[in-house]
Amino acid sequence: MELVEESPYRFRIDRHGPMRVPGVVFAARALLPDLGEDRSLDQVANVATLPGIVGAAYAMPDVHWGYGFPIGGVAATDVAAGGVVSPGGVGFDISCGVRLLAADLTRADLPRLREALLDGLDAAVPRGMGRGEVWQLTDRAELDAVLRGGSRYAVERGHGVAADLDRCEDQGAVGDADPAQVSDRAVQRGQGQVGSLGSGNHFLEVQAVDEVYDEPTATAFGLRTGQVCVMVHSGSRGLGHQVCTDHVRAMERVMPRYGIEVPDRQLACAPVDSPAGRAYLGAMAAAANYARANRQLLAEAARRVFARVAGARLDLVYDVSHNLAKLETHPVDGSPRRLCVHRKGATRAFPPGHPDLPADLRPVGQPVLIPGSMGTSSYVLTGVAGAPAFASTCHGAGRVRSRRQATRTVRGQDLRRDLAARGVAVRGTSWRGLAEEMPEAYKDVTAVVDAAEGAGLCRRVARLVPLGVVKG
DNA sequence: ATGTAC
């Protein structure tokens with residue numbers, strides 16, 4: 001794999017073999033994957049072969065190996081030119097993403113409140129492998145309402161306020177969700193997990209704004225130095241996983257019908273404008289809405305705890321996905337084209353002035369929420385005009401050591417003690433799960449954000465530091 | 001990420 005350094009923070013993989021477009025990797029040298037053990041740049045080259053792909057196959061500074069597509073990847077296909085949609089370009093955790101809420105508390109309030117807040121959150125947040133739910137659904141009809149309405153349906157049912165929806169990507173619900181394309185098995189897995197955190201790198205964190213880089217933008221986002229925040233990182237649980245599994249299989253079956261050949265069967269895909277493509281996009285939107293409702297309910301659980309323990313309010317800053325495919329219009333070779341933009345471990349970052357942003361955010365751009373690894377900083381960024389990669393940026397730190405490697409290095413009990421000594425209180429459910437998330441298993445999120453900003457993908461607005469973390 | 005294998 002040959003990388004050509006085009007400019008600082010931008011490397012090119014020239015077209016070779018069946019690649020239809022080049023690959024572009026946004027990164028500092030130190031962040032590039034270890035070519036010996038991480039095949040993610042080969043995956044970038046593989047993605048570049050997909051029918052209808054335009055521009056380039058992009059990799060973000062947090063890129064690492066994933067299912068078919070790399071995690072930290074962006075690929076857009078031209079719908080009218082036979083462009084495909086691929087479940088592997090979204091990932092198993094459909095609409096996994098981040099929600100940030102700002103409290104009317106300052107850091108100085110925390111010493112007296114922290115343990116009680118974390119104990120309250122520990123009790124109020126269902127989490128861990130296979131476990132759910134804040135919200136007991138009565139039947140499939142109610143789950144279908146979640147799949148169609150996402151956060152909007154949760155708010156209609158009293159779980160939140162209407163103003164929340166202005167601070168959600170897609171006003172809280174992806175359009176054109178088709179619950180009929182969600183299998184009975186996916187429904188079965190999802191029925192008992194609505195309003196649950198999950199496991200792995202998912203978390204709910206109490207944080208403080210440690211540094212503001214852009215005061216006017218931070219103010220527009222509702223953030224100020226010293227403010228206490230809550231960050232939720234969660235996704236579509238077993239339901240999204242099953243939707244991905246089902247539709248990868250369905251696409252493997254129909255690919256020959258469209259004459260599509262891919263270098264890796266994990267790149268299974270179908271034209272956006274085909275029955276299989278539409279079926280996946282309808283199911284994907286439904287799973288995305290499940291994830292949105294999930295984060296809405298988790299935020300409500302946190303609000304109840306903050307109200308009871310501290311008499312404090314939590315206002316929504318923003319909710320945004322980093323695993324989704326979307327139909328968006330972007331210029332290609334100077335003319336606007338309808339594209340299917342796959343973002344897998346990549347965050348949409350609309351620039352100032354974008355018509356899809358609510359009026360109060362339009363002058364400053366879309367909030368982009370970047371969770372760090374456990375015990376490290378998280379960042380709030382914003383989109384910038386004229387950015388490459390179809391208004392996308394990084395999504396987090398990016399794993400560099402496997403879960404197994406991590407558990408061989410540290411015991412969960414020791415990690416929890418070390419974090420506590422550094423001022424980060426932990427409420428976990430699994431010692432092994434905790435060890436797997438050791439900060440050293442990830443890239444340095446600050447270096448990732450610096451590279452993303454240096455590459456012209458986004459701009460820093462604020463840095464948040466953890467005070468306490470609730471882990472699955 | 002995930003009923004960490006159907």
# chains A, B, ... in the order shown; residues from 1 in each chain; ligands from 1
>>> select_by_dssp(residues="segment 68-306 of chain A", states="alpha helix (DSSP H)", output="number ranges by chain")
A: 110-124, 140-156, 162-166, 184-191, 215-221, 237-254, 275-306
>>> residues_around(residues="DT4 of chain B", least_positions_apart="4", cutoff="12 Å", atoms="only C-alpha atoms (C1' of nucleotides)", output="count of residues only")
7
>>> interface_residues(of="chain A", to="chain B", cutoff="12 Å", atoms="only C-alpha atoms (C1' of nucleotides)", output="PyMOL selection string")
chain A and resi 66-67+71+90-97+128-131+185-186+188-190+197-202+233-245+323+344-345+403-404+433
>>> write_last_selection(atoms="N, CA and C atoms", output="CSV table (one decimal), in the first residue's frame")
chain,number,residue,atom,x,y,z
A,66,GLY,N,-12.3,-2.4,10.1
A,66,GLY,CA,-13.7,-2.7,10.4
A,66,GLY,C,-14.2,-3.8,9.5
A,67,TYR,N,-15.5,-4.0,9.6
A,67,TYR,CA,-16.2,-5.0,8.8
A,67,TYR,C,-16.3,-4.5,7.3
A,71,ILE,N,-13.5,1.6,9.9
A,71,ILE,CA,-14.1,2.5,10.8
A,71,ILE,C,-13.3,3.8,10.8
A,90,VAL,N,-22.0,1.3,6.8
A,90,VAL,CA,-22.7,1.9,8.0
A,90,VAL,C,-22.2,1.3,9.2
A,91,GLY,N,-22.0,0.0,9.2
A,91,GLY,CA,-21.6,-0.8,10.3
A,91,GLY,C,-22.8,-1.5,11.0
A,92,PHE,N,-22.4,-2.3,12.0
A,92,PHE,CA,-23.4,-3.1,12.7
A,92,PHE,C,-24.2,-2.2,13.7
A,93,ASP,N,-23.6,-1.2,14.2
A,93,ASP,CA,-24.3,-0.4,15.2
A,93,ASP,C,-24.9,0.8,14.5
A,94,ILE,N,-26.0,0.6,13.8
A,94,ILE,CA,-26.6,1.6,13.0
A,94,ILE,C,-27.0,2.9,13.8
A,95,SER,N,-26.6,4.0,13.4
A,95,SER,CA,-26.8,5.3,14.0
A,95,SER,C,-26.3,5.4,15.5
A,96,CYS,N,-25.3,4.6,15.7
A,96,CYS,CA,-24.5,4.8,16.9
A,96,CYS,C,-24.1,6.2,16.9
A,97,GLY,N,-24.1,6.9,18.1
A,97,GLY,CA,-23.8,8.3,18.1
A,97,GLY,C,-23.7,8.9,19.5
A,128,GLY,N,-25.0,-2.9,29.8
A,128,GLY,CA,-24.3,-4.2,29.8
A,128,GLY,C,-24.8,-5.1,28.7
A,129,MET,N,-24.1,-6.1,28.4
A,129,MET,CA,-24.4,-7.0,27.3
A,129,MET,C,-25.8,-7.6,27.5
A,130,GLY,N,-26.6,-7.4,26.4
A,130,GLY,CA,-27.9,-8.1,26.4
A,130,GLY,C,-28.9,-7.5,27.3
A,131,ARG,N,-28.6,-6.5,28.0
A,131,ARG,CA,-29.6,-6.0,29.0
A,131,ARG,C,-30.2,-4.7,28.6
A,185,ARG,N,-36.9,-11.3,14.0
A,185,ARG,CA,-35.8,-11.5,14.9
A,185,ARG,C,-35.1,-10.2,15.4
A,186,ALA,N,-35.0,-9.3,14.5
A,186,ALA,CA,-34.5,-7.9,14.9
A,186,ALA,C,-35.4,-7.3,15.9
A,188,GLN,N,-37.5,-8.8,17.9
A,188,GLN,CA,-37.4,-9.6,19.1
A,188,GLN,C,-36.2,-9.1,20.0
A,189,ARG,N,-35.1,-8.9,19.3
A,189,ARG,CA,-33.9,-8.4,20.0
A,189,ARG,C,-34.0,-7.0,20.5
A,190,GLY,N,-34.8,-6.2,19.8
A,190,GLY,CA,-34.9,-4.8,20.2
A,190,GLY,C,-36.0,-4.5,21.2
A,197,LEU,N,-28.0,1.4,27.5
A,197,LEU,CA,-26.7,1.9,27.0
A,197,LEU,C,-25.9,1.0,26.1
A,198,GLY,N,-26.0,-0.3,26.5
A,198,GLY,CA,-25.1,-1.3,25.8
A,198,GLY,C,-23.8,-1.5,26.5
A,199,SER,N,-22.8,-2.0,25.8
A,199,SER,CA,-21.5,-2.3,26.4
A,199,SER,C,-20.4,-1.8,25.5
A,200,GLY,N,-19.2,-2.3,25.6
A,200,GLY,CA,-18.1,-1.9,24.8
A,200,GLY,C,-17.7,-0.5,25.1
A,201,ASN,N,-17.5,0.3,24.0
A,201,ASN,CA,-17.1,1.7,24.2
A,201,ASN,C,-18.3,2.6,24.5
A,202,HIS,N,-19.4,2.1,24.7
A,202,HIS,CA,-20.6,3.0,25.1
A,202,HIS,C,-20.5,3.4,26.5
A,233,HIS,N,-23.0,8.1,24.8
A,233,HIS,CA,-22.6,7.4,23.6
A,233,HIS,C,-23.3,6.0,23.6
A,234,SER,N,-24.2,5.9,22.6
A,234,SER,CA,-25.0,4.6,22.6
A,234,SER,C,-25.5,4.4,21.1
A,235,GLY,N,-26.1,3.3,20.9
A,235,GLY,CA,-26.5,3.0,19.5
A,235,GLY,C,-27.8,2.2,19.5
A,236,SER,N,-27.9,1.3,18.5
A,236,SER,CA,-29.2,0.6,18.2
A,236,SER,C,-29.2,-0.8,18.7
A,237,ARG,N,-28.3,-1.1,19.5
A,237,ARG,CA,-28.2,-2.4,20.3
A,237,ARG,C,-28.4,-3.6,19.4
A,238,GLY,N,-29.1,-4.6,19.9
A,238,GLY,CA,-29.2,-5.9,19.1
A,238,GLY,C,-30.1,-5.7,17.8
A,239,LEU,N,-31.0,-4.7,17.9
A,239,LEU,CA,-31.9,-4.5,16.7
A,239,LEU,C,-31.1,-4.0,15.5
A,240,GLY,N,-30.2,-3.0,15.7
A,240,GLY,CA,-29.4,-2.6,14.6
A,240,GLY,C,-28.4,-3.6,14.1
A,241,HIS,N,-27.9,-4.4,15.0
A,241,HIS,CA,-27.0,-5.5,14.6
A,241,HIS,C,-27.7,-6.5,13.7
A,242,GLN,N,-28.9,-6.9,14.1
A,242,GLN,CA,-29.6,-7.9,13.3
A,242,GLN,C,-30.0,-7.3,12.0
A,243,VAL,N,-30.4,-6.0,11.9
A,243,VAL,CA,-30.8,-5.4,10.6
A,243,VAL,C,-29.6,-5.5,9.7
A,244,CYS,N,-28.4,-5.2,10.2
A,244,CYS,CA,-27.2,-5.2,9.3
A,244,CYS,C,-26.9,-6.7,8.9
A,245,THR,N,-27.0,-7.6,9.8
A,245,THR,CA,-26.8,-9.0,9.4
A,245,THR,C,-27.8,-9.5,8.3
A,323,ASN,N,-22.6,6.6,12.6
A,323,ASN,CA,-22.7,5.4,11.7
A,323,ASN,C,-24.0,5.4,10.9
A,344,LYS,N,-19.1,5.9,8.4
A,344,LYS,CA,-18.9,4.7,9.3
A,344,LYS,C,-17.8,5.1,10.3
A,345,GLY,N,-18.1,5.5,11.5
A,345,GLY,CA,-17.1,6.0,12.4
A,345,GLY,C,-16.7,7.3,11.9
A,403,ARG,N,-9.2,-5.7,22.0
A,403,ARG,CA,-9.7,-5.9,23.3
A,403,ARG,C,-8.9,-7.0,24.1
A,404,ARG,N,-8.5,-8.1,23.4
A,404,ARG,CA,-7.7,-9.1,24.1
A,404,ARG,C,-6.4,-8.6,24.6
A,433,GLY,N,-14.9,-5.8,30.8
A,433,GLY,CA,-15.3,-4.8,29.8
A,433,GLY,C,-14.6,-3.5,30.1
>>> atom_distance(atom1="atom CA of Arg343 of chain A", atom2="atom CA of Pro87 of chain A")
10.8 Å
>>> select_by_dssp(residues="segment 19-67 of chain A", states="strand (DSSP E or B)", output="number ranges by chain")
A: 23-25, 53-64
>>> write_last_selection(atoms="N, CA, C and O atoms", output="compact mmCIF listing (two decimals), in the first residue's frame")
# COMPACT_ATOMS: atom_id res chain seq x y z
N GLY A 23 -7.90 6.79 -3.06
CA GLY A 23 -8.19 6.85 -1.62
C GLY A 23 -7.54 8.10 -1.05
O GLY A 23 -6.50 8.53 -1.55
N VAL A 24 -8.16 8.71 -0.07
CA VAL A 24 -7.57 9.87 0.61
C VAL A 24 -7.63 9.61 2.11
O VAL A 24 -8.69 9.29 2.65
N VAL A 25 -6.48 9.73 2.76
CA VAL A 25 -6.40 9.52 4.21
C VAL A 25 -6.03 10.83 4.87
O VAL A 25 -4.96 11.39 4.58
N ILE A 53 -19.09 5.20 -6.96
CA ILE A 53 -18.38 6.03 -5.98
C ILE A 53 -17.82 7.29 -6.65
O ILE A 53 -17.36 7.23 -7.80
N VAL A 54 -17.92 8.41 -5.98
CA VAL A 54 -17.43 9.69 -6.52
C VAL A 54 -16.39 10.30 -5.58
O VAL A 54 -16.38 10.01 -4.38
N GLY A 55 -15.55 11.15 -6.14
CA GLY A 55 -14.53 11.86 -5.35
C GLY A 55 -13.41 10.92 -4.98
O GLY A 55 -12.50 10.67 -5.77
N ALA A 56 -13.49 10.37 -3.79
CA ALA A 56 -12.47 9.43 -3.31
C ALA A 56 -13.08 8.59 -2.20
O ALA A 56 -14.14 8.93 -1.68
N ALA A 57 -12.41 7.50 -1.86
CA ALA A 57 -12.73 6.78 -0.63
C ALA A 57 -11.91 7.45 0.47
O ALA A 57 -10.68 7.50 0.37
N TYR A 58 -12.58 8.01 1.45
CA TYR A 58 -11.90 8.82 2.46
C TYR A 58 -11.71 8.06 3.77
O TYR A 58 -12.57 7.28 4.17
N ALA A 59 -10.59 8.35 4.44
CA ALA A 59 -10.36 7.83 5.79
C ALA A 59 -10.04 9.01 6.71
O ALA A 59 -9.32 9.93 6.32
N MET A 60 -10.61 8.97 7.89
CA MET A 60 -10.44 10.03 8.89
C MET A 60 -9.22 9.70 9.77
O MET A 60 -8.72 8.58 9.75
N PRO A 61 -8.75 10.64 10.58
CA PRO A 61 -7.53 10.39 11.38
C PRO A 61 -7.70 9.26 12.40
O PRO A 61 -6.71 8.73 12.88
N ASP A 62 -8.93 8.90 12.73
CA ASP A 62 -9.17 7.81 13.70
C ASP A 62 -9.42 6.49 12.99
O ASP A 62 -9.97 5.55 13.60
N VAL A 63 -9.02 6.37 11.73
CA VAL A 63 -9.33 5.15 10.96
C VAL A 63 -8.72 3.90 11.61
O VAL A 63 -7.61 3.92 12.13
N HIS A 64 -9.50 2.83 11.59
CA HIS A 64 -8.97 1.52 11.96
C HIS A 64 -9.81 0.43 11.30
O HIS A 64 -10.82 0.72 10.66
>>> residues_around(residues="Gly365 of chain A", least_positions_apart="6", cutoff="10 Å", atoms="only C-alpha atoms (C1' of nucleotides)", output="MDAnalysis selection string")
chainID A and resid 217 220:221 349:354 357:358 381:385 458:459
>>> residues_around(residues="Arg107 of chain A", least_positions_apart="4", cutoff="9 Å", atoms="only C-alpha atoms (C1' of nucleotides)", output="PDB file with N, CA, C and O atoms, in the first residue's frame")
ATOM      1  N   PRO A 111     -17.830  18.545  43.721  1.00  0.00           N
ATOM      2  CA  PRO A 111     -17.295  17.781  44.851  1.00  0.00           C
ATOM      3  C   PRO A 111     -18.389  17.289  45.806  1.00  0.00           C
ATOM      4  O   PRO A 111     -18.371  16.142  46.241  1.00  0.00           O
ATOM      5  N   GLN A 207     -19.209  15.297  32.691  1.00  0.00           N
ATOM      6  CA  GLN A 207     -18.003  15.996  32.240  1.00  0.00           C
ATOM      7  C   GLN A 207     -18.058  17.465  32.655  1.00  0.00           C
ATOM      8  O   GLN A 207     -19.107  17.955  33.081  1.00  0.00           O
ATOM      9  N   ALA A 208     -16.921  18.151  32.493  1.00  0.00           N
ATOM     10  CA  ALA A 208     -16.896  19.607  32.668  1.00  0.00           C
ATOM     11  C   ALA A 208     -16.216  20.234  31.462  1.00  0.00           C
ATOM     12  O   ALA A 208     -15.286  19.647  30.895  1.00  0.00           O
ATOM     13  N   VAL A 209     -16.679  21.407  31.058  1.00  0.00           N
ATOM     14  CA  VAL A 209     -16.036  22.141  29.964  1.00  0.00           C
ATOM     15  C   VAL A 209     -14.721  22.686  30.511  1.00  0.00           C
ATOM     16  O   VAL A 209     -14.704  23.518  31.425  1.00  0.00           O
ATOM     17  N   GLY A 226     -16.201  25.666  32.535  1.00  0.00           N
ATOM     18  CA  GLY A 226     -16.555  25.254  33.887  1.00  0.00           C
ATOM     19  C   GLY A 226     -17.918  24.584  34.007  1.00  0.00           C
ATOM     20  O   GLY A 226     -18.246  24.037  35.067  1.00  0.00           O
ATOM     21  N   GLN A 227     -18.676  24.621  32.932  1.00  0.00           N
ATOM     22  CA  GLN A 227     -20.024  24.048  32.990  1.00  0.00           C
ATOM     23  C   GLN A 227     -19.975  22.516  33.079  1.00  0.00           C
ATOM     24  O   GLN A 227     -19.133  21.869  32.457  1.00  0.00           O
ATOM     25  N   VAL A 228     -20.906  21.961  33.848  1.00  0.00           N
ATOM     26  CA  VAL A 228     -21.033  20.505  33.939  1.00  0.00           C
ATOM     27  C   VAL A 228     -21.904  20.022  32.775  1.00  0.00           C
ATOM     28  O   VAL A 228     -22.901  20.671  32.423  1.00  0.00           O
TER      29      VAL A 228
END
>>> residues_around(residues="Arg224 of chain A", least_positions_apart="5", cutoff="10 Å", atoms="only C-alpha atoms (C1' of nucleotides)", output="ChimeraX atom specification")
/A:102,106,208-212,215-216,218-219,462
>>> closest_residue(among="A:Val44, A:Val461, A:Val254, A:Ala291", to="Ala268 of chain A", atoms="only C-alpha atoms")
A:Val254
>>> residues_around(residues="Gly398 of chain A", least_positions_apart="5", cutoff="12 Å", atoms="only C-alpha atoms (C1' of nucleotides)", output="CSV table (one decimal) with N, CA, C and O atoms, in the first residue's frame")
chain,number,residue,atom,x,y,z
A,31,LEU,N,-0.4,9.0,13.2
A,31,LEU,CA,-1.7,8.4,13.4
A,31,LEU,C,-2.0,7.3,12.4
A,31,LEU,O,-3.0,6.6,12.5
A,32,LEU,N,-1.2,7.2,11.4
A,32,LEU,CA,-1.4,6.2,10.3
A,32,LEU,C,-1.4,4.8,10.9
A,32,LEU,O,-0.6,4.5,11.8
A,33,PRO,N,-2.3,4.0,10.4
A,33,PRO,CA,-2.4,2.6,10.9
A,33,PRO,C,-1.1,1.9,10.7
A,33,PRO,O,-0.4,2.1,9.7
A,40,SER,N,-6.7,-1.5,7.5
A,40,SER,CA,-7.8,-0.6,7.1
A,40,SER,C,-7.5,0.2,5.9
A,40,SER,O,-8.4,0.7,5.2
A,59,ALA,N,-10.6,8.3,4.4
A,59,ALA,CA,-10.4,7.8,5.8
A,59,ALA,C,-10.0,9.0,6.7
A,59,ALA,O,-9.3,9.9,6.3
A,60,MET,N,-10.6,9.0,7.9
A,60,MET,CA,-10.4,10.0,8.9
A,60,MET,C,-9.2,9.7,9.8
A,60,MET,O,-8.7,8.6,9.8
A,61,PRO,N,-8.8,10.6,10.6
A,61,PRO,CA,-7.5,10.4,11.4
A,61,PRO,C,-7.7,9.3,12.4
A,61,PRO,O,-6.7,8.7,12.9
A,62,ASP,N,-8.9,8.9,12.7
A,62,ASP,CA,-9.2,7.8,13.7
A,62,ASP,C,-9.4,6.5,13.0
A,62,ASP,O,-10.0,5.6,13.6
A,63,VAL,N,-9.0,6.4,11.7
A,63,VAL,CA,-9.3,5.2,11.0
A,63,VAL,C,-8.7,3.9,11.6
A,63,VAL,O,-7.6,3.9,12.1
A,64,HIS,N,-9.5,2.8,11.6
A,64,HIS,CA,-9.0,1.5,12.0
A,64,HIS,C,-9.8,0.4,11.3
A,64,HIS,O,-10.8,0.7,10.7
A,65,TRP,N,-9.4,-0.8,11.4
A,65,TRP,CA,-9.9,-1.9,10.7
A,65,TRP,C,-11.4,-2.2,11.1
A,65,TRP,O,-11.7,-2.1,12.3
A,66,GLY,N,-12.3,-2.4,10.1
A,66,GLY,CA,-13.7,-2.7,10.4
A,66,GLY,C,-14.2,-3.8,9.5
A,66,GLY,O,-13.5,-4.4,8.8
A,70,PRO,N,-13.5,0.4,6.5
A,70,PRO,CA,-12.8,0.8,7.7
A,70,PRO,C,-13.7,1.6,8.6
A,70,PRO,O,-14.7,2.3,8.1
A,71,ILE,N,-13.5,1.6,9.9
A,71,ILE,CA,-14.1,2.5,10.8
A,71,ILE,C,-13.3,3.8,10.8
A,71,ILE,O,-12.1,3.8,10.9
A,72,GLY,N,-14.1,4.9,10.6
A,72,GLY,CA,-13.4,6.2,10.3
A,72,GLY,C,-13.3,6.4,8.8
A,72,GLY,O,-12.3,6.8,8.3
A,73,GLY,N,-14.4,6.0,8.1
A,73,GLY,CA,-14.4,6.1,6.6
A,73,GLY,C,-15.6,6.8,6.1
A,73,GLY,O,-16.7,6.7,6.7
A,201,ASN,N,-17.5,0.3,24.0
A,201,ASN,CA,-17.1,1.7,24.2
A,201,ASN,C,-18.3,2.6,24.5
A,201,ASN,O,-18.1,3.8,24.6
A,344,LYS,N,-19.1,5.9,8.4
A,344,LYS,CA,-18.9,4.7,9.3
A,344,LYS,C,-17.8,5.1,10.3
A,344,LYS,O,-16.6,5.1,9.9
A,345,GLY,N,-18.1,5.5,11.5
A,345,GLY,CA,-17.1,6.0,12.4
A,345,GLY,C,-16.7,7.3,11.9
A,345,GLY,O,-15.5,7.7,11.9
A,346,ALA,N,-17.6,8.1,11.3
A,346,ALA,CA,-17.4,9.4,10.8
A,346,ALA,C,-18.6,10.3,11.1
A,346,ALA,O,-19.7,9.7,11.1
A,370,ILE,N,-17.3,14.6,19.8
A,370,ILE,CA,-16.3,13.6,19.6
A,370,ILE,C,-15.9,13.0,21.0
A,370,ILE,O,-15.2,13.7,21.8
A,371,PRO,N,-16.4,11.8,21.3
A,371,PRO,CA,-16.0,11.2,22.6
A,371,PRO,C,-14.6,10.7,22.6
A,371,PRO,O,-14.1,10.2,21.6
A,372,GLY,N,-13.8,11.0,23.7
A,372,GLY,CA,-12.5,10.4,23.8
A,372,GLY,C,-12.5,9.0,24.3
A,372,GLY,O,-13.6,8.5,24.5
A,373,SER,N,-11.4,8.4,24.6
A,373,SER,CA,-11.4,7.1,25.2
A,373,SER,C,-11.6,7.4,26.7
A,373,SER,O,-11.6,8.5,27.2
A,374,MET,N,-11.9,6.3,27.4
A,374,MET,CA,-12.3,6.4,28.8
A,374,MET,C,-11.2,7.2,29.7
A,374,MET,O,-10.1,6.9,29.6
A,437,GLU,N,-11.5,-1.2,27.7
A,437,GLU,CA,-11.6,0.2,27.3
A,437,GLU,C,-10.5,1.0,27.8
A,437,GLU,O,-10.5,2.3,27.9
A,439,PRO,N,-7.5,3.5,28.3
A,439,PRO,CA,-7.2,4.6,27.4
A,439,PRO,C,-6.0,4.2,26.4
A,439,PRO,O,-6.0,4.7,25.3
A,440,GLU,N,-5.1,3.4,26.9
A,440,GLU,CA,-3.9,3.1,26.1
A,440,GLU,C,-4.3,2.2,24.9
A,440,GLU,O,-3.5,2.0,24.0
A,441,ALA,N,-5.5,1.7,24.8
A,441,ALA,CA,-5.9,0.9,23.7
A,441,ALA,C,-6.4,1.8,22.5
A,441,ALA,O,-6.7,1.3,21.5
A,442,TYR,N,-6.4,3.1,22.7
A,442,TYR,CA,-6.9,4.0,21.7
A,442,TYR,C,-5.8,5.0,21.3
A,442,TYR,O,-4.9,5.3,22.1
A,443,LYS,N,-6.0,5.6,20.1
A,443,LYS,CA,-5.2,6.8,19.8
A,443,LYS,C,-5.5,7.9,20.7
A,443,LYS,O,-6.5,7.9,21.4
A,444,ASP,N,-4.6,8.9,20.7
A,444,ASP,CA,-4.8,10.1,21.5
A,444,ASP,C,-5.8,11.0,20.8
A,444,ASP,O,-5.6,11.5,19.7
A,445,VAL,N,-7.0,11.2,21.4
A,445,VAL,CA,-8.1,11.9,20.8
A,445,VAL,C,-7.7,13.3,20.4
A,445,VAL,O,-8.1,13.9,19.4
A,446,THR,N,-6.8,13.9,21.2
A,446,THR,CA,-6.3,15.3,20.9
A,446,THR,C,-5.6,15.3,19.6
A,446,THR,O,-5.8,16.2,18.8
A,447,ALA,N,-4.7,14.3,19.4
A,447,ALA,CA,-4.0,14.2,18.1
A,447,ALA,C,-4.9,14.0,16.9
A,447,ALA,O,-4.7,14.6,15.9
A,448,VAL,N,-6.0,13.2,17.2
A,448,VAL,CA,-7.0,12.9,16.1
A,448,VAL,C,-7.7,14.2,15.8
A,448,VAL,O,-7.8,14.6,14.6
A,449,VAL,N,-8.1,15.0,16.8
A,449,VAL,CA,-8.8,16.2,16.5
A,449,VAL,C,-7.9,17.3,15.9
A,449,VAL,O,-8.3,18.0,15.0
>>> atom_distance(atom1="atom CA of Val424 of chain A", atom2="atom CA of Leu223 of chain A")
21.1 Å
>>> residues_around(residues="Arg416 of chain A", least_positions_apart="3", cutoff="9 Å", atoms="only C-alpha atoms (C1' of nucleotides)", output="list in words")
Arg411, Gly412, Gln413, Leu419, Ala420, Ala421, Val424, Ala425, Val426, Arg427, Gly428, Trp431, Leu434 and Ala435 of chain A
